[in-house]
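**Q** The structure that follows is given in the form of structure tokens.
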Amino acid sequence: MKTLLVLGVVCTLVVLSVSGTAEQKLKNCNEVRAAYSSKGFNVNDVPNKGVNGAPLKVCPQGFSCCTVEMEEKLSQQSHTEIKAPVSRLSTNLQSTFKQRHDHFDKFFRELLKNAEVSLHNMFVRTYGMMYVQNAELFKNFFEALTRYYVSGSAAVNLDSMLSDFWADLLERMFRLVNVQYEFSDAYMECVSRHTEQLQPFGDVPRKLRIQLTRAFVAARTFVRGLALMPDVVNKVSTVSASPSCVRAAMKMLYCPYCSGQVALKPCQNYCLNVLRGCLANQADLDTEWNNFLDAMLSLAERLEGPFNFESVMDPIDVKISEAIMNMQENSMQVSQKVFQGCGQPKPSMAFRSTRSVKETGFTGRFRPYSPDARPTTAAGTSLDRLTSDVKKKLKHAKKFWSTLPETVCAGERIAPGDECWNGTAKSRYESVVIGNGLANQVSNPDVDVDITKPDIMIRSQIAALKEMTSWLKAAHSGNDISIDNDEDGSGGEESGSGCDSPSCSTDRDIYFSTPPNPSNPRVNQVVVDRNRSAAVASQGSMALALCGLALALLAPHLR
């Protein structure tokens, strides 16, 4: 009996002691004054000792070190503090992919520029004045490729541009290897219309068209995907917190001040429920965000393999030169087929037999392709290394939105175990942690979320991600669908024979007629020195001489 009496007295003393300590803290609000002042607020807002908390709107209304004015200021502060870690994480993500976008974009643009410079230097040495006099054709070719990279099919129909390039090149070369003849614009239009059927350049145009289309579609779509990421993050980060979120944040972060417990941190599960309620709309981005990242990773694999932009652009000068060599080797057969189909041209009275070989421009030596001789890009790395780096970043960015609450509710922002603030007192948080996303917030015990009103800005970004994902998947197959009705728009273009089958081989005779009044004939001027005096060469003899000499000089270096 005495033992029970002693225990009762001890327990009573302990309770009184604890109660006295808490009451002492509320009677003396010095710790609260110091903490409140450290936030930049006026220390005179804090009462010297606890006051009646009945007017408070968020925090417990018992004896309190808070006033209504303090509660309003701390609500604003809690809004700032709940946004700060999310904003910091979003800013880091924006910066990461803005840098990668800039690196890739600069790299692709410089590859284009370097390829143009390399072709110019090689062709000046190899073809001399013959190239210089026709250099604008190649300059326009690279300008069109650059416009396509920048603006896509809205600016350049890649198929049509390539067809025009080869047709234009054929016209110029056809005149050069048949300088003993005069050709009208209508005659050259006849030649141009059948470039694909004649196949004067061998299989190079077909292969190059496939390689360029795949590489350019993949490159520009991937860069657009990289540009979209920081844009989405930026727009989503501007979404403001709802009043109920601010209220819940205030209760979690600063209501401990009112009871004098300035150092008390929230329980982790309590923090998770508050953050999942505040970031419910953002979490709904996660599905389309992850789908988008998967599509980016798949296209990155293509960039490393069959759609490698670098491996297509680096040797493009050699590929075009190979096509020119094919035309020179087959010039007699091509000319005969043209003469059969378009008619026998008139001899040129201005042609002079004394025109020297040197003036034809075939005075250089063919320089074999050497990767080591290529200029380096200012981006300072190869496509493989750029792609390897960005793939790591893309993988790391997966589930960014759904894991934000876990990322924020960690470390020094929470208190472990039961020694934490549960929203009303220093004790265990008993509520169940609810799931991510707007639909799950119907049962959130700490944040009142209207699940019937999804955020419009975030829904628009979900739509933007879904659209870009479809473009990325198309680019993975080598198709550009980023412009509506793009294929329909190019379907009306004249396609020549469009035949890639063996039946279109130049080994077979072809017959075609010249229309009496060709519409919009292409006019290509080739400078011919008409002031030299000499006898008119026999038909075809000089062409054979030019081709023979060119082959003699160039063929050994092509092997």
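The way I read the labels, and the way they are meant: chains A, B, ... in the order of the structure tokens, residue 1 as the first residue of every chain, and ligand 1 as the first ligand shown, with later ones counted on from there.
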Do a neighbour search on range 67-69 of chain A at 8 Å with only C-alpha atoms, toss out local chain neighbours closer than 4 positions, and write the hits as a list in words.

**A**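 With the cut-off at 8 Å, the set is Asp45, Val46, Pro47, Val51, Gly53, Pro55, Leu56, Lys57 and Lys73 of chain A.
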
**Q** Excluding Ile324 in chain A and its own-chain neighbours fewer than 5 positions away, which residues fall within 10 Å of it when counting only C-alpha atoms? Please give them as a short mmCIF file (atom, residue, chain, number, x, y, z; two decimals) with N, CA, C and O atoms, in the first residue's frame.

**A**
data_model
loop_
_atom_site.label_atom_id
_atom_site.label_comp_id
_atom_site.auth_asym_id
_atom_site.auth_seq_id
_atom_site.Cartn_x
_atom_site.Cartn_y
_atom_site.Cartn_z
N LEU A 169 22.89 19.14 -110.49
CA LEU A 169 24.28 18.69 -110.69
C LEU A 169 24.41 17.95 -112.02
O LEU A 169 25.41 18.12 -112.74
N LEU A 170 23.41 17.13 -112.36
CA LEU A 170 23.44 16.41 -113.63
C LEU A 170 23.46 17.39 -114.81
O LEU A 170 24.23 17.22 -115.77
N MET A 173 26.94 18.97 -115.05
CA MET A 173 27.96 18.03 -115.50
C MET A 173 27.70 17.57 -116.93
O MET A 173 28.63 17.36 -117.71
N PRO A 200 22.68 8.57 -113.27
CA PRO A 200 24.05 8.89 -113.70
C PRO A 200 25.05 8.85 -112.56
O PRO A 200 26.25 8.69 -112.78
N PHE A 201 24.55 9.00 -111.33
CA PHE A 201 25.45 9.05 -110.17
C PHE A 201 25.51 7.71 -109.43
O PHE A 201 26.00 7.64 -108.30
N GLY A 202 25.00 6.68 -110.05
CA GLY A 202 25.00 5.37 -109.39
C GLY A 202 23.98 5.33 -108.27
O GLY A 202 22.93 5.98 -108.32
N VAL A 204 24.53 6.34 -105.20
CA VAL A 204 24.86 7.31 -104.15
C VAL A 204 23.66 8.17 -103.75
O VAL A 204 23.39 8.34 -102.55
N VAL A 318 33.11 13.10 -99.60
CA VAL A 318 33.59 11.91 -100.32
C VAL A 318 32.43 11.24 -101.06
O VAL A 318 32.58 10.77 -102.20
N LYS A 319 31.24 11.20 -100.43
CA LYS A 319 30.09 10.55 -101.06
C LYS A 319 29.66 11.31 -102.31
O LYS A 319 29.34 10.70 -103.34
N GLU A 329 32.49 8.37 -115.18
CA GLU A 329 32.74 7.04 -115.73
C GLU A 329 31.64 6.61 -116.69
O GLU A 329 31.90 5.92 -117.68
N ASN A 330 30.41 7.05 -116.41
CA ASN A 330 29.26 6.62 -117.22
C ASN A 330 28.78 7.70 -118.17
O ASN A 330 27.67 7.59 -118.72
#

**Q** Which residue, A:Leu176, A:Leu162, A:Ala280, A:Cys271, has the smallest gap to Ile210 in chain A when you use only C-alpha atoms?

**A**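 That would be A:Leu162, the residue with the smallest distance to Ile210 in chain A.
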
**Q** Could you tell me which of A:Arg459, A:Lys393, A:Lys83, A:Lys106 comes closest to Lys235 in chain A if we count only C-alpha atoms?

**A**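 Under the stated criterion, the closest residue is A:Arg459.
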
**Q** With only C-alpha atoms as the counted atoms, please give the residues lying no more than 12 Å from Glu288 in chain A, apart from itself and same-chain residues fewer than 6 positions off, as a PyMOL selection string.

**A** chain A and resi 232+282+294-295+398-402+458-470

**Q** Rank nothing, just name the residue among A:Leu299, A:Cys342, A:Leu275, A:Ile456 nearest to Ser192 in chain A, using only C-alpha atoms.

**A**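 Nearest to Ser192 in chain A: A:Cys342.
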
**Q** Which neighbours of range 248-265 of chain A fall inside 7 Å, counting only C-alpha atoms, when residues of the same chain fewer than 2 positions from it are skipped, and could you give them as a PyMOL selection string?

**A** chain A and resi 25-26+29+32+35+58-59+64-66+74-75+78-79+82+244-246+267+274+413-415+420-421+423+446-447

**Q** How many Å lie between CA of Tyr429 in chain A and CA of Tyr270 in chain A, rounded to one decimal?

**A**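 Separating CA of Tyr429 in chain A from CA of Tyr270 in chain A is a distance of 6.4 Å.
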
**Q** Restricting the calculation to only C-alpha atoms: of A:Pro205, A:Pro230, A:Pro85, A:Gly152, which residue gets closest to Arg100 in chain A?

**A**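 Smallest distance to Arg100 in chain A is found for A:Pro230.
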
**Q** Using only C-alpha atoms, which of A:Gln197, A:Thr80, A:Gln99, A:Gln133 sits nearest Val338 in chain A?

**A**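 The answer is A:Gln197, which sits nearest to Val338 in chain A.
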
**Q** Would you work out the distance separating CA of Leu297 in chain A from CA of Asp455 in chain A, expressed in Å to one decimal?

**A** 28.4 Å

**Q** Find the residues around Asn281 in chain A up to 7 Å (only C-alpha atoms counted), leave out those fewer than 2 positions away in its own chain, and share them as a VMD selection string.

**A** chain A and resid 279 283 to 284 437 to 438 454 to 455 458

**Q** Which value, in Å to one decimal, gives the distance between CA of Thr387 in chain A and CA of Ile481 in chain A?

**A** 23.0 Å

**Q** Under the rule that only C-alpha atoms are counted, which of A:Phe222, A:Phe183, A:Trp166, A:Phe107 is the nearest residue to Ala300 in chain A?

**A**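 Counting only C-alpha atoms, the residue closest to Ala300 in chain A is A:Phe222.
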
**Q** Can you check which residues of range 218-346 of chain A DSSP gives as helix (DSSP H, G or I) on the backbone and send them as JSON, numbers by chain?

**A** {"A": [218, 219, 220, 221, 222, 223, 224, 225, 226, 227, 228, 229, 230, 231, 232, 233, 234, 235, 236, 237, 243, 244, 245, 246, 247, 248, 249, 250, 251, 252, 253, 255, 256, 257, 258, 268, 269, 270, 271, 272, 273, 274, 275, 276, 277, 278, 280, 281, 282, 283, 286, 287, 288, 289, 290, 291, 292, 293, 294, 295, 296, 297, 298, 299, 300, 301, 302, 303, 304, 309, 310, 311, 312, 313, 316, 317, 318, 319, 320, 321, 322, 323, 324, 325, 326, 327, 328, 329, 331, 332, 333, 334, 335, 336, 337, 338, 339, 340, 341, 342]}
